[in-house]
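entry-v1.cif follows (mmCIF, C-alpha atoms):
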data_target
#
loop_
_atom_site.label_atom_id
_atom_site.label_comp_id
_atom_site.auth_asym_id
_atom_site.auth_seq_id
_atom_site.Cartn_x
_atom_site.Cartn_y
_atom_site.Cartn_z
CA MET A 1179 0.00 0.00 0.00
CA PRO A 1180 1.60 3.30 -1.04
CA VAL A 1181 1.96 5.99 1.59
CA ASN A 1182 -0.41 8.97 1.41
CA THR A 1183 1.70 12.00 0.56
CA ASP A 1184 -1.45 14.15 0.37
CA ALA A 1185 -1.17 14.58 4.14
CA ILE A 1186 2.05 16.65 3.80
CA GLY A 1187 1.41 20.14 5.12
CA LYS A 1188 -1.66 19.17 7.11
CA THR A 1189 -1.91 21.03 10.43
CA TYR A 1190 -3.76 20.12 13.62
CA PRO A 1191 -5.58 22.12 16.30
CA ALA A 1192 -3.22 23.61 18.89
CA ALA A 1193 -3.19 22.05 22.37
CA THR A 1194 -2.20 23.85 25.57
CA TYR A 1195 -0.41 22.16 28.47
CA ALA A 1196 -0.17 23.74 31.94
CA VAL A 1197 3.23 22.95 33.48
CA GLY A 1198 2.85 21.84 37.10
CA ARG A 1199 5.65 22.08 39.66
CA GLU A 1200 5.25 18.50 40.84
CA LYS A 1201 5.11 17.26 37.24
CA VAL A 1202 8.49 18.89 36.62
CA ARG A 1203 9.85 17.16 39.75
CA GLU A 1204 8.29 13.80 38.77
CA TYR A 1205 9.80 13.99 35.28
CA ALA A 1206 13.18 15.18 36.55
CA ARG A 1207 13.36 12.28 39.03
CA ALA A 1208 12.27 9.72 36.40
CA VAL A 1209 15.10 10.69 34.05
CA GLY A 1210 17.64 10.97 36.87
CA GLU A 1211 18.17 14.75 36.81
CA SER A 1212 20.31 15.94 39.70
CA ASN A 1213 20.48 19.67 38.83
CA ALA A 1214 18.78 21.58 41.68
CA LEU A 1215 17.08 23.95 39.20
CA HIS A 1216 14.64 21.09 38.41
CA LEU A 1217 14.07 19.89 41.98
CA ASP A 1218 14.66 22.64 44.53
CA LEU A 1219 12.37 25.68 44.38
CA GLU A 1220 14.67 27.87 46.47
CA ALA A 1221 17.66 27.01 44.28
CA ALA A 1222 15.65 27.82 41.13
CA ARG A 1223 14.49 31.16 42.57
CA ALA A 1224 17.99 32.00 43.80
CA ALA A 1225 19.20 31.48 40.22
CA GLY A 1226 16.64 34.03 38.99
CA TYR A 1227 13.86 31.72 37.77
CA GLU A 1228 10.25 32.17 38.84
CA ASP A 1229 9.77 28.49 39.61
CA LEU A 1230 11.29 25.05 38.99
CA VAL A 1231 12.92 24.86 35.56
CA ALA A 1232 11.74 22.05 33.28
CA PRO A 1233 14.58 19.90 31.88
CA PRO A 1234 14.95 20.43 28.10
CA MET A 1235 13.55 16.97 27.31
CA PHE A 1236 10.36 17.85 29.26
CA ALA A 1237 9.38 19.13 25.79
CA VAL A 1238 8.15 15.56 25.26
CA VAL A 1239 5.60 16.02 28.05
CA TYR A 1240 4.13 19.38 27.08
CA SER A 1241 3.99 18.62 23.36
CA PHE A 1242 2.51 15.11 23.64
CA PRO A 1243 -1.16 16.23 23.87
CA ALA A 1244 -0.75 17.99 20.51
CA VAL A 1245 1.47 15.38 18.86
CA LEU A 1246 -0.49 12.21 19.70
CA PRO A 1247 -3.68 13.03 17.72
CA ALA A 1248 -1.50 13.90 14.73
CA LEU A 1249 0.34 10.57 14.94
CA PHE A 1250 -2.99 8.71 15.12
CA ASP A 1251 -4.58 10.67 12.25
CA PRO A 1252 -6.15 8.05 9.92
CA GLU A 1253 -5.41 10.29 6.92
CA VAL A 1254 -1.69 9.91 7.66
CA GLY A 1255 -2.31 6.19 8.10
CA ILE A 1256 0.54 5.10 10.37
CA ASP A 1257 0.28 1.37 11.20
CA PHE A 1258 1.30 1.31 14.87
CA ALA A 1259 1.98 -2.43 14.88
CA ARG A 1260 4.91 -1.82 12.51
CA LEU A 1261 6.00 1.56 13.83
CA VAL A 1262 9.57 2.32 14.84
CA HIS A 1263 10.58 5.67 16.33
CA GLY A 1264 13.43 6.43 13.94
CA GLY A 1265 14.69 9.77 15.12
CA GLN A 1266 13.97 12.87 17.09
CA GLU A 1267 15.17 16.43 17.06
CA PHE A 1268 14.54 19.34 19.39
CA GLU A 1269 15.60 22.96 19.27
CA TRP A 1270 15.18 24.98 22.44
CA ASP A 1271 14.71 28.68 22.99
CA THR A 1272 13.18 30.28 26.12
CA LEU A 1273 13.35 27.95 29.17
CA VAL A 1274 10.08 26.53 30.50
CA VAL A 1275 9.31 26.92 34.21
CA ALA A 1276 6.49 25.51 36.35
CA GLY A 1277 3.42 27.71 35.98
CA ASP A 1278 3.93 28.24 32.26
CA GLU A 1279 1.18 27.38 29.78
CA ILE A 1280 2.67 25.90 26.66
CA THR A 1281 0.73 25.82 23.39
CA THR A 1282 1.89 23.39 20.72
CA THR A 1283 0.91 23.18 17.08
CA VAL A 1284 1.74 20.19 14.90
CA SER A 1285 1.99 19.69 11.16
CA VAL A 1286 2.91 16.83 8.85
CA ALA A 1287 6.34 17.84 7.54
CA ASP A 1288 7.02 14.88 5.28
CA VAL A 1289 5.70 11.51 4.15
CA SER A 1290 7.77 9.34 1.84
CA GLU A 1291 8.51 5.75 0.90
CA ARG A 1292 11.94 4.20 0.42
CA ALA A 1293 12.80 0.54 -0.01
CA GLY A 1294 9.34 -0.55 1.03
CA ASN A 1295 9.32 1.41 4.28
CA GLY A 1296 7.21 4.46 5.07
CA PHE A 1297 8.86 7.56 6.55
CA PHE A 1298 6.70 10.01 8.46
CA VAL A 1299 7.94 13.30 9.90
CA HIS A 1300 5.78 15.49 12.12
CA ALA A 1301 6.94 18.98 13.12
CA SER A 1302 5.81 20.69 16.29
CA GLU A 1303 6.30 24.21 17.56
CA SER A 1304 5.66 25.25 21.16
CA VAL A 1305 5.21 28.75 22.58
CA ASN A 1306 4.62 29.94 26.13
CA GLN A 1307 1.81 32.16 27.47
CA ARG A 1308 3.75 35.27 26.37
CA GLY A 1309 4.00 33.95 22.82
CA GLU A 1310 7.75 33.29 23.14
CA LEU A 1311 9.09 30.29 21.24
CA VAL A 1312 10.17 27.58 23.69
CA SER A 1313 10.92 24.68 21.39
CA PHE A 1314 10.64 23.20 17.95
CA ALA A 1315 10.69 19.47 17.26
CA ARG A 1316 10.79 16.95 14.43
CA TRP A 1317 9.35 13.50 15.19
CA SER A 1318 10.53 10.88 12.68
CA ASN A 1319 8.78 7.54 12.49
CA ILE A 1320 9.36 4.58 10.25
CA VAL A 1321 6.70 2.04 9.33
CA ARG A 1322 8.29 -1.18 8.11
CA GLY A 1323 6.87 -2.86 5.05
CA VAL A 1324 4.18 -0.40 3.91
CA MET B 1312 35.78 23.06 25.14
CA GLN B 1313 37.89 22.57 22.03
CA PRO B 1314 37.42 20.39 18.94
CA GLY B 1315 38.44 16.84 19.76
CA ASP B 1316 37.71 17.16 23.49
CA GLU B 1317 35.53 14.46 24.99
CA ILE B 1318 32.68 15.48 27.24
CA GLN B 1319 32.36 13.77 30.63
CA PRO B 1320 30.69 10.39 29.90
CA LEU B 1321 27.37 9.69 31.61
CA ALA B 1322 26.64 6.16 32.83
CA VAL B 1323 23.29 5.11 34.27
CA THR B 1324 21.62 1.75 34.87
CA PRO B 1325 17.83 2.09 34.69
CA ASP B 1326 16.30 -0.13 37.37
CA LYS B 1327 13.62 -2.77 36.83
CA TYR B 1328 10.71 -0.34 37.37
CA LEU B 1329 12.17 2.68 35.57
CA THR B 1330 9.98 2.23 32.49
CA VAL B 1331 6.87 2.38 34.69
CA ARG B 1332 8.02 5.62 36.36
CA TYR B 1333 9.00 7.14 33.00
CA ALA B 1334 5.65 6.12 31.49
CA GLY B 1335 3.86 7.96 34.28
CA ALA B 1336 6.15 10.97 34.09
CA SER B 1337 5.98 11.29 30.30
CA GLY B 1338 2.44 10.07 29.55
CA ASP B 1339 3.68 7.37 27.13
CA PHE B 1340 1.99 4.15 28.30
CA ASN B 1341 2.73 2.02 25.22
CA PRO B 1342 2.57 -1.54 26.69
CA ILE B 1343 5.87 -2.58 25.06
CA HIS B 1344 7.50 -0.47 27.79
CA ILE B 1345 5.53 -1.57 30.83
CA ASP B 1346 4.01 -5.03 30.21
CA GLU B 1347 6.51 -7.91 30.08
CA GLU B 1348 3.99 -10.39 28.69
CA PHE B 1349 2.79 -8.03 25.94
CA ALA B 1350 6.35 -7.15 24.96
CA ARG B 1351 7.25 -10.84 24.55
CA GLN B 1352 4.06 -11.51 22.58
CA VAL B 1353 5.10 -8.93 19.98
CA GLY B 1354 8.54 -10.50 19.66
CA LEU B 1355 10.61 -8.30 21.93
CA PRO B 1356 13.05 -9.74 24.49
CA GLY B 1357 10.94 -8.11 27.22
CA ARG B 1358 9.94 -4.59 28.19
CA ILE B 1359 12.12 -2.06 26.41
CA LEU B 1360 13.17 1.46 27.39
CA HIS B 1361 11.35 4.43 25.89
CA GLY B 1362 13.59 5.91 23.18
CA LEU B 1363 12.86 9.37 24.55
CA TYR B 1364 14.09 8.27 28.01
CA THR B 1365 17.37 7.22 26.43
CA MET B 1366 17.47 10.51 24.51
CA ALA B 1367 16.97 12.30 27.85
CA GLN B 1368 20.17 10.63 29.08
CA VAL B 1369 22.01 11.99 26.03
CA ALA B 1370 20.54 15.42 26.86
CA ARG B 1371 21.68 15.13 30.49
CA ALA B 1372 25.25 14.45 29.43
CA GLN B 1373 25.12 17.69 27.39
CA THR B 1374 23.58 19.90 30.09
CA GLN B 1375 26.12 18.57 32.59
CA ALA B 1376 28.92 19.44 30.16
CA GLY B 1377 27.38 22.81 29.34
CA GLY B 1378 26.66 23.85 32.92
CA GLY B 1379 22.85 23.69 33.03
CA PRO B 1380 19.59 23.38 31.09
CA GLN B 1381 19.99 26.81 29.45
CA SER B 1382 23.11 25.61 27.60
CA LEU B 1383 21.38 23.01 25.40
CA LYS B 1384 19.98 24.62 22.24
CA ARG B 1385 19.54 21.65 19.92
CA LEU B 1386 19.70 17.87 20.02
CA SER B 1387 18.99 15.43 17.23
CA VAL B 1388 19.28 11.66 17.51
CA GLN B 1389 18.69 8.51 15.53
CA PHE B 1390 17.31 5.50 17.39
CA ARG B 1391 18.96 2.22 16.43
CA GLY B 1392 18.02 -0.88 18.35
CA MET B 1393 16.27 -1.07 21.67
CA GLY B 1394 17.36 -0.31 25.18
CA LEU B 1395 16.68 -2.67 28.07
CA PRO B 1396 16.10 -2.01 31.77
CA GLU B 1397 18.76 -3.23 34.21
CA HIS B 1398 21.54 -2.82 31.62
CA GLU B 1399 23.95 0.09 31.82
CA LEU B 1400 23.62 2.98 29.37
CA VAL B 1401 26.76 4.99 28.58
CA VAL B 1402 26.59 8.34 26.80
CA THR B 1403 29.78 9.68 25.24
CA GLY B 1404 30.46 12.73 23.11
CA THR B 1405 33.27 14.48 21.26
CA VAL B 1406 33.40 18.19 20.48
CA ARG B 1407 33.27 18.69 16.72
CA SER B 1408 33.50 22.47 16.64
CA ALA B 1409 33.59 25.42 19.03
CA ASP B 1410 33.06 28.95 17.69
CA ASP B 1411 32.06 32.04 19.67
CA GLY B 1412 30.60 29.98 22.49
CA VAL B 1413 28.62 27.68 20.18
CA VAL B 1414 29.83 24.12 20.69
CA VAL B 1415 28.71 21.21 18.52
CA VAL B 1416 29.09 17.75 20.08
CA ASP B 1417 28.86 14.42 18.24
CA CYS B 1418 27.44 11.90 20.66
CA SER B 1419 26.00 8.43 21.05
CA CYS B 1420 24.56 6.10 23.66
CA GLU B 1421 25.75 2.54 24.05
CA GLN B 1422 24.29 -0.46 25.86
CA ASP B 1423 25.97 -3.89 26.01
CA GLY B 1424 28.42 -2.76 23.31
CA LYS B 1425 25.68 -1.66 20.88
CA ARG B 1426 25.05 1.95 19.92
CA ILE B 1427 21.32 2.29 20.51
CA ILE B 1428 21.48 6.03 19.78
CA ARG B 1429 23.87 7.03 17.06
CA ASN B 1430 24.63 10.01 14.84
CA ALA B 1431 23.43 12.27 17.63
CA GLU B 1432 24.37 15.90 17.40
CA ALA B 1433 24.05 18.48 20.16
CA GLU B 1434 24.52 22.23 20.04
CA LEU B 1435 25.49 23.95 23.27
CA ARG B 1436 25.67 27.67 23.85
CA LEU B 1437 28.15 28.59 26.54
CA PRO B 1438 28.74 31.92 28.28
CA PRO B 1439 31.58 33.89 26.59
CA GLU B 1440 34.07 33.29 29.43
CA SER B 1441 33.95 29.47 29.24
#
Whole structure, structure tokens version:
Amino acid sequence: MPVNTDAIGKTYPAATYAVGREKVREYARAVGESNALHLDLEAARAAGYEDLVAPPMFAVVYSFPAVLPALFDPEVGIDFARLVHGGQEFEWDTLVVAGDEITTTVSVADVSERAGNGFFVHASESVNQRGELVSFARWSNIVRGV
Amino acid sequence: MQPGDEIQPLAVTPDKYLTVRYAGASGDFNPIHIDEEFARQVGLPGRILHGLYTMAQVARAQTQAGGGPQSLKRLSVQFRGMGLPEHELVVTGTVRSADDGVVVVDCSCEQDGKRIIRNAEAELRLPPES
């Protein structure tokens, strides 16, 4: 079955994620962060931040509510049984702190087929409540044997 | 940091229940990460690590080298092979270029002698004095 390249350029409704202080701590502990900026409120404030600083890879957490519906979009047609997460890229700008509200928009950046495998790239862009860019991401997935 | 310098390696052994804690923390509850029986049924050796957890270890090695979360401006990785709980992960990196405080690091993550993240590239922005 050929991949559907018509989906390239499709965009999805934005989703907003409210960053909670304990969620930042929970994530930081799960990935083994030891930097006090992610765990200790006084240390974060002493360093000039309003609240706990989210680790850069917390971008996964705040962008997931926007990215998941795009990955599951039947028009894109990803077969999850044969899905492999091939690659991932993030670019970071303004740091995210607890209390921020992060709005993420997602689009289909590319769909292609090579050697019988489907390649799907979604792009996401996240801004904070002041409209400042916080991160940009490319989510690359491979579906074997399309 | 100068071209050719190696960053401090990061070694971590995710414990047996790490994938459950990471699933909760990240919101990714794909059963291949948290259900041993399901993982075996779909042909995996058992529950596997989330790729984005392993990528977070690559990110940690960079922010430790760069002096904090504000230093990491970009990270791209390719996932190759799967990571397993209770096996050590080792992240290494070599500085490719350093110009005006912008440092590019080539990095990878190995487990049991296999590079499960390869061709990773990080861009760090360091204060002018460092």
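When the distance limit is 10 Å and all atoms listed in the file are what count, the residues near Glu1303 of chain A, minus those fewer than 3 positions from it on the same chain, are A:Ala1192, A:Ser1241, A:Ala1244, A:Phe1268, A:Glu1269, A:Ile1280, A:Thr1281, A:Thr1282, A:Thr1283, A:Val1284, A:Ser1285, A:Leu1311, A:Val1312, A:Ser1313, A:Phe1314, A:Ala1315, A:Arg1316.
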Given the file above and the PyMOL selection byres ((chain B) within 6 of (chain A)), which residues are selected, and can you give them as a list in words? Arg1332, Tyr1333, Ala1336, Ser1337, Ala1367, Lys1384, Arg1385, Leu1386, Ser1387, Val1388, Gln1389 and Phe1390 of chain B
Here atom CA of Arg1358 of chain B and atom CA of Glu1200 of chain A stand apart by 26.7 Å
Can you pull out every residue within 9 Å of Asp1184 of chain A, counting all atoms listed in the file, but drop anything in the same chain fewer than 5 positions away, and send it as number ranges by chain? A: 1253-1254, 1289
So, with all atoms listed in the file as the atoms that count, which of B:Asp1339, B:Glu1434, B:Glu1317, B:Asp1326 lies closest to Ser1382 of chain B?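 Looking only at the distances to Ser1382 of chain B, the closest residue turns out to be B:Glu1434.
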Counting all atoms listed in the file, what is within 10 Å of segment 1342-1353 of chain B, bar same-chain residues fewer than 2 positions away, as a PyMOL selection string? (chain A and resi 1259) or (chain B and resi 1328-1334+1339-1340+1355-1362+1395-1396)
